[in-house]
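Read the structure below first, then the notes.
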Amino acid sequence: MSGLELIALLQNQSPTIPGPGLPIFPAQASNFAREVDWLYYYLTAVTAFFSVLIFSTVFYFAVKYRRRSADDLPLPIHGSLVLEIFWSVVPLVIVMSFFVWGARIYYRMLVMPADATPITVVAKQWMWKVQHPGGQREINELHVPVGRKFRLKMTSEDVIHSFYVPAFRLKKDVLPGRETELWFQPTQVGEYRLFCAEYCGTKHAGMGGRVVVMEPADYEAWLSGAPQGETLEQAGARLYRQFNCNTCHDPGSSARGPELAGKFGKPVKLASGQTVTMDDAYLHESILQPNAKVVAGYEPVMPTYQGLVSEEQVLQLIAYVKSLTREERAQVQK
Ligand code: CUA
């Protein structure tokens with residue numbers, strides 16, 4: 001490996017893309033990168049300043065007030081309220097500045113923008129499976145156009161993984177049985193490394209890939225040429241029939257189960273008297289553990305699909321149930 005390649009590796013980007021200024025930092029390739037870096041510089045500067053201040057005063061006073069003779073006794077000090085307040089308030093203000101700045105960035109990362117395009121990411125030992133809204137699939141690669149917002153909806157087939165793109169300053173755990181999300185807006189065309197940042201078994205270190213940020217026109221070309229499978233909803237519709245969900249859940253069926261069309265995002269009254277919202281987490285649980293939250297007026301007769309459907313298939317089924325809130329509802333009721 002040449003020196004240049006090593007620097008490129010440290011910068012977490014492809015050797016073909018020249019890096020910016022400091023070789024110790026990865027490229028700043030997302031909307032969050034600059035702000036995260038500034039906060040990091042600030043933390044480093046404050047820490048360095050106080051380290052120097054404290055150690056230099058320790059040495060200075062150690063020398064200045066050193067014991068000069070065997071019978072040299074120091075004068076006792078009985079405290080100073082002004083000093084106590086000073087060294088309590090000043091650090092408080094400083095650490096609160098860390099908190100407020102950090103919380104602002106954290107909050108912006110946490111709140112998903114409404115106009116972000118959703119992309120599904122399923123992690124498994126030891127690969128990243130990506131599906132675009134148009135059905136295009138890829139493994140260990142994520143192609144996105146520069147400037148557009150994306151929202152990754154992530155889950156795991158097996159153990160905990162962590163989706164980590166240093167150039168985007170983003171990292172989020174990916175959990176089995178739960179969906180986690182992150183969003184970003186790529187700001188710079190290039191190739192950036194994708195890592196798994198949670199030790200997940202023998203080939204954890206190899207569980208990586210790349211994020212390819214393209215010009216919008218190149219991205220359109222890539223999309224049309226990418227291997228295209230079913231969309232999440234199409235796959236979900238197929239599974240819905242394959243597992244005979246329709247025999248209980250379609251209107252006009254034997255109605256052993258509640259009808260699903262048009263219910264997503266709405267409150268559901270449970271047999272226990274509780275009311276919950278039909279969201280991703282509720283559907284996820286109800287497919288795998290149907291008896292956990294039985295809808296009022298129905299018997300707990302649905303069999304579990306734990307072990308029969310993969311996490312990916314659960315996501316597909318959920319996507320299909322969501323789509324039932326739209327035009328399909330009318331069709332189903334005809
Ligand atoms: Cu997946 Cu480490």
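Residues are referred to by chain and number: the chain letter is A, B, ... according to the order shown in the structure tokens, the number counts from 1 in that chain, and ligands are numbered separately from 1 in the order shown.
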
Which protein, DNA or RNA residues have an atom within 6 Å of ligand 1, counting only C-alpha atoms and all ligand atoms, as an mmCIF file with all heavy atoms, in the first residue's frame?
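Final output, result-v9.cif:
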data_model
loop_
_atom_site.group_PDB
_atom_site.id
_atom_site.type_symbol
_atom_site.label_atom_id
_atom_site.label_comp_id
_atom_site.auth_asym_id
_atom_site.auth_seq_id
_atom_site.Cartn_x
_atom_site.Cartn_y
_atom_site.Cartn_z
ATOM 1 N N TRP A 126 -22.701 -11.343 6.925
ATOM 2 C CA TRP A 126 -22.038 -10.100 7.226
ATOM 3 C C TRP A 126 -22.143 -9.224 6.000
ATOM 4 O O TRP A 126 -21.208 -9.104 5.235
ATOM 5 C CB TRP A 126 -20.564 -10.370 7.589
ATOM 6 C CG TRP A 126 -20.427 -11.020 8.943
ATOM 7 C CD1 TRP A 126 -20.361 -10.360 10.141
ATOM 8 C CD2 TRP A 126 -20.361 -12.422 9.262
ATOM 9 N NE1 TRP A 126 -20.259 -11.274 11.186
ATOM 10 C CE2 TRP A 126 -20.254 -12.537 10.667
ATOM 11 C CE3 TRP A 126 -20.403 -13.585 8.494
ATOM 12 C CZ2 TRP A 126 -20.175 -13.770 11.311
ATOM 13 C CZ3 TRP A 126 -20.321 -14.806 9.142
ATOM 14 C CH2 TRP A 126 -20.207 -14.876 10.551
ATOM 15 N N HIS A 161 -25.846 -4.766 14.554
ATOM 16 C CA HIS A 161 -24.811 -4.185 13.720
ATOM 17 C C HIS A 161 -24.889 -2.670 13.894
ATOM 18 O O HIS A 161 -25.768 -2.176 14.602
ATOM 19 C CB HIS A 161 -25.036 -4.542 12.245
ATOM 20 C CG HIS A 161 -25.125 -6.024 11.978
ATOM 21 N ND1 HIS A 161 -24.027 -6.801 11.724
ATOM 22 C CD2 HIS A 161 -26.188 -6.864 11.951
ATOM 23 C CE1 HIS A 161 -24.414 -8.057 11.537
ATOM 24 N NE2 HIS A 161 -25.724 -8.130 11.671
ATOM 25 N N CYS A 196 -19.337 -1.505 9.429
ATOM 26 C CA CYS A 196 -20.157 -1.979 10.529
ATOM 27 C C CYS A 196 -19.373 -1.633 11.789
ATOM 28 O O CYS A 196 -18.210 -1.995 11.920
ATOM 29 C CB CYS A 196 -20.388 -3.480 10.444
ATOM 30 S SG CYS A 196 -21.274 -4.101 11.880
ATOM 31 N N ALA A 197 -19.989 -0.903 12.699
ATOM 32 C CA ALA A 197 -19.269 -0.415 13.875
ATOM 33 C C ALA A 197 -19.704 -1.116 15.152
ATOM 34 O O ALA A 197 -19.582 -0.574 16.242
ATOM 35 C CB ALA A 197 -19.450 1.097 14.000
ATOM 36 N N GLU A 198 -20.266 -2.304 15.021
ATOM 37 C CA GLU A 198 -20.623 -3.065 16.225
ATOM 38 C C GLU A 198 -20.112 -4.479 15.996
ATOM 39 O O GLU A 198 -20.490 -5.106 15.004
ATOM 40 C CB GLU A 198 -22.151 -3.061 16.400
ATOM 41 C CG GLU A 198 -22.643 -3.816 17.607
ATOM 42 C CD GLU A 198 -22.317 -3.100 18.898
ATOM 43 O OE1 GLU A 198 -22.557 -1.891 18.991
ATOM 44 O OE2 GLU A 198 -21.801 -3.767 19.807
ATOM 45 N N TYR A 199 -19.286 -4.979 16.921
ATOM 46 C CA TYR A 199 -18.704 -6.297 16.721
ATOM 47 C C TYR A 199 -19.823 -7.341 16.600
ATOM 48 O O TYR A 199 -20.632 -7.502 17.518
ATOM 49 C CB TYR A 199 -17.770 -6.664 17.876
ATOM 50 C CG TYR A 199 -17.144 -8.008 17.643
ATOM 51 C CD1 TYR A 199 -16.267 -8.214 16.576
ATOM 52 C CD2 TYR A 199 -17.469 -9.095 18.434
ATOM 53 C CE1 TYR A 199 -15.724 -9.450 16.325
ATOM 54 C CE2 TYR A 199 -16.930 -10.347 18.186
ATOM 55 C CZ TYR A 199 -16.062 -10.505 17.128
ATOM 56 O OH TYR A 199 -15.538 -11.747 16.874
ATOM 57 N N CYS A 200 -19.870 -8.034 15.451
ATOM 58 C CA CYS A 200 -21.029 -8.880 15.166
ATOM 59 C C CYS A 200 -20.635 -10.277 14.742
ATOM 60 O O CYS A 200 -21.437 -11.004 14.157
ATOM 61 C CB CYS A 200 -21.896 -8.222 14.102
ATOM 62 S SG CYS A 200 -20.997 -7.848 12.590
ATOM 63 N N HIS A 204 -16.952 -9.535 11.090
ATOM 64 C CA HIS A 204 -17.364 -8.165 11.374
ATOM 65 C C HIS A 204 -16.490 -7.155 10.631
ATOM 66 O O HIS A 204 -16.987 -6.216 10.025
ATOM 67 C CB HIS A 204 -17.306 -7.910 12.887
ATOM 68 C CG HIS A 204 -17.136 -6.484 13.266
ATOM 69 N ND1 HIS A 204 -18.153 -5.564 13.137
ATOM 70 C CD2 HIS A 204 -16.066 -5.802 13.729
ATOM 71 C CE1 HIS A 204 -17.699 -4.382 13.522
ATOM 72 N NE2 HIS A 204 -16.452 -4.495 13.877
ATOM 73 N N MET A 207 -17.380 -6.495 7.129
ATOM 74 C CA MET A 207 -18.755 -6.104 6.829
ATOM 75 C C MET A 207 -18.806 -4.615 6.526
ATOM 76 O O MET A 207 -19.203 -3.798 7.342
ATOM 77 C CB MET A 207 -19.663 -6.431 8.019
ATOM 78 C CG MET A 207 -21.124 -6.160 7.729
ATOM 79 S SD MET A 207 -22.147 -6.743 9.078
ATOM 80 C CE MET A 207 -23.674 -5.897 8.690
#

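Residues in contact with Gly102 (chain A) at up to 10 Å, not including ones fewer than 3 positions away on its chain and judged by only C-alpha atoms, are A:Glu35, A:Val36, A:Leu39, A:Tyr40, A:Met96, A:Ser97, A:Phe98, A:Phe99, A:Ile105, A:Tyr106, A:Tyr107.
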
Using only C-alpha atoms, find each residue of region 58-158 of chain A with at least one atom at most 10 Å away from an atom of region 166-177 of chain A; report its shortest atom-to-atom pair and that distance in Å (one decimal), sort the rows by chain and rising residue number, and return the result as a tab-separated table.
residue	atom	partner	partner_atom	distance
A:Met109	CA	A:Leu170	CA	8.8
A:Val121	CA	A:Val174	CA	9.1
A:Val122	CA	A:Val174	CA	8.3
A:Ala123	CA	A:Val174	CA	7.2
A:Lys124	CA	A:Pro176	CA	9.3
A:Lys153	CA	A:Val174	CA	9.4
A:Met154	CA	A:Val174	CA	6.0
A:Thr155	CA	A:Val174	CA	5.3
A:Ser156	CA	A:Pro176	CA	4.4
A:Glu157	CA	A:Pro176	CA	5.8
A:Asp158	CA	A:Pro176	CA	5.7

A:Gln242, A:Thr187, A:Ser286, A:Thr231 ranked by distance to Pro300 (chain A), top pick (using only C-alpha atoms):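 Looking at the shortest contact to Pro300 (chain A), the residue is A:Ser286.
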
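Distance-wise, CA of Met214 (chain A) and CA of Glu233 (chain A) end up 26.5 Å apart.
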
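These are the residues of region 284-318 of chain A assigned alpha helix (DSSP H) by DSSP from backbone coordinates: His284, Glu285, Ser286, Ile287, Leu288, Glu311, Glu312, Gln313, Val314, Leu315, Gln316, Leu317 and Ile318 of chain A.
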
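Residue nearest Ile94 (chain A) within the list A:Leu73, A:Ile139, A:Leu110, A:Leu43: A:Leu43 [criterion: smallest interatomic distance, only C-alpha atoms].
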
Neighbour list for His284 (chain A) as JSON, numbers by chain, cut-off 12 Å, only C-alpha atoms, skip fewer than 2 positions in-chain: {"A": [155, 176, 177, 178, 179, 278, 279, 280, 281, 282, 286, 287, 288, 289, 290, 292, 293, 304, 305, 306, 309, 310, 311, 312, 313, 314, 315, 316, 317, 318, 319, 321]}

Non-local contacts of Thr325 (chain A) (6 Å; only C-alpha atoms; under 3 positions in same chain excluded) as a ChimeraX atom specification: /A:261-262,322

Can you spit out the residues from that selection as a PDB file, in the first residue's frame, using N, CA, C and O atoms?
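Final file, selection.pdb:
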ATOM      1  N   ALA A 261     -56.912  -2.541   5.777  1.00  0.00           N
ATOM      2  CA  ALA A 261     -56.869  -1.413   4.836  1.00  0.00           C
ATOM      3  C   ALA A 261     -57.322  -0.128   5.514  1.00  0.00           C
ATOM      4  O   ALA A 261     -58.330  -0.101   6.210  1.00  0.00           O
ATOM      5  N   GLY A 262     -56.546   0.909   5.321  1.00  0.00           N
ATOM      6  CA  GLY A 262     -56.938   2.218   5.831  1.00  0.00           C
ATOM      7  C   GLY A 262     -56.722   2.413   7.312  1.00  0.00           C
ATOM      8  O   GLY A 262     -57.126   3.417   7.877  1.00  0.00           O
ATOM      9  N   LYS A 322     -49.188  -0.731   4.811  1.00  0.00           N
ATOM     10  CA  LYS A 322     -49.235   0.728   4.720  1.00  0.00           C
ATOM     11  C   LYS A 322     -49.867   1.162   3.403  1.00  0.00           C
ATOM     12  O   LYS A 322     -50.650   2.098   3.355  1.00  0.00           O
TER      13      LYS A 322
END

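The residue that comes closest to Ala271 (chain A), out of A:Glu220, A:Glu299, A:Asp71, A:Glu259 and on the basis of only C-alpha atoms, is A:Glu299.
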
Straight-line distance linking CA of Phe55 (chain A) with CA of His78 (chain A), stated in Å to one decimal: 24.0 Å

Strand (DSSP E) residues, from DSSP on the backbone, in region 88-331 of chain A, as a PyMOL selection string: chain A and resi 117-124+127-131+137-139+141-145+150-156+161-165+170-174+180-184+190-196+209-214+267-269+275-277

Shortest interatomic distance to Ala205 (chain A) - which of A:Val295, A:Met127, A:Val146, A:Leu182, counting only C-alpha atoms: A:Met127

Best match for closeness to Leu308 (chain A) among A:Ala27, A:Leu239, A:Val130, A:Ala48, counting only C-alpha atoms: A:Leu239
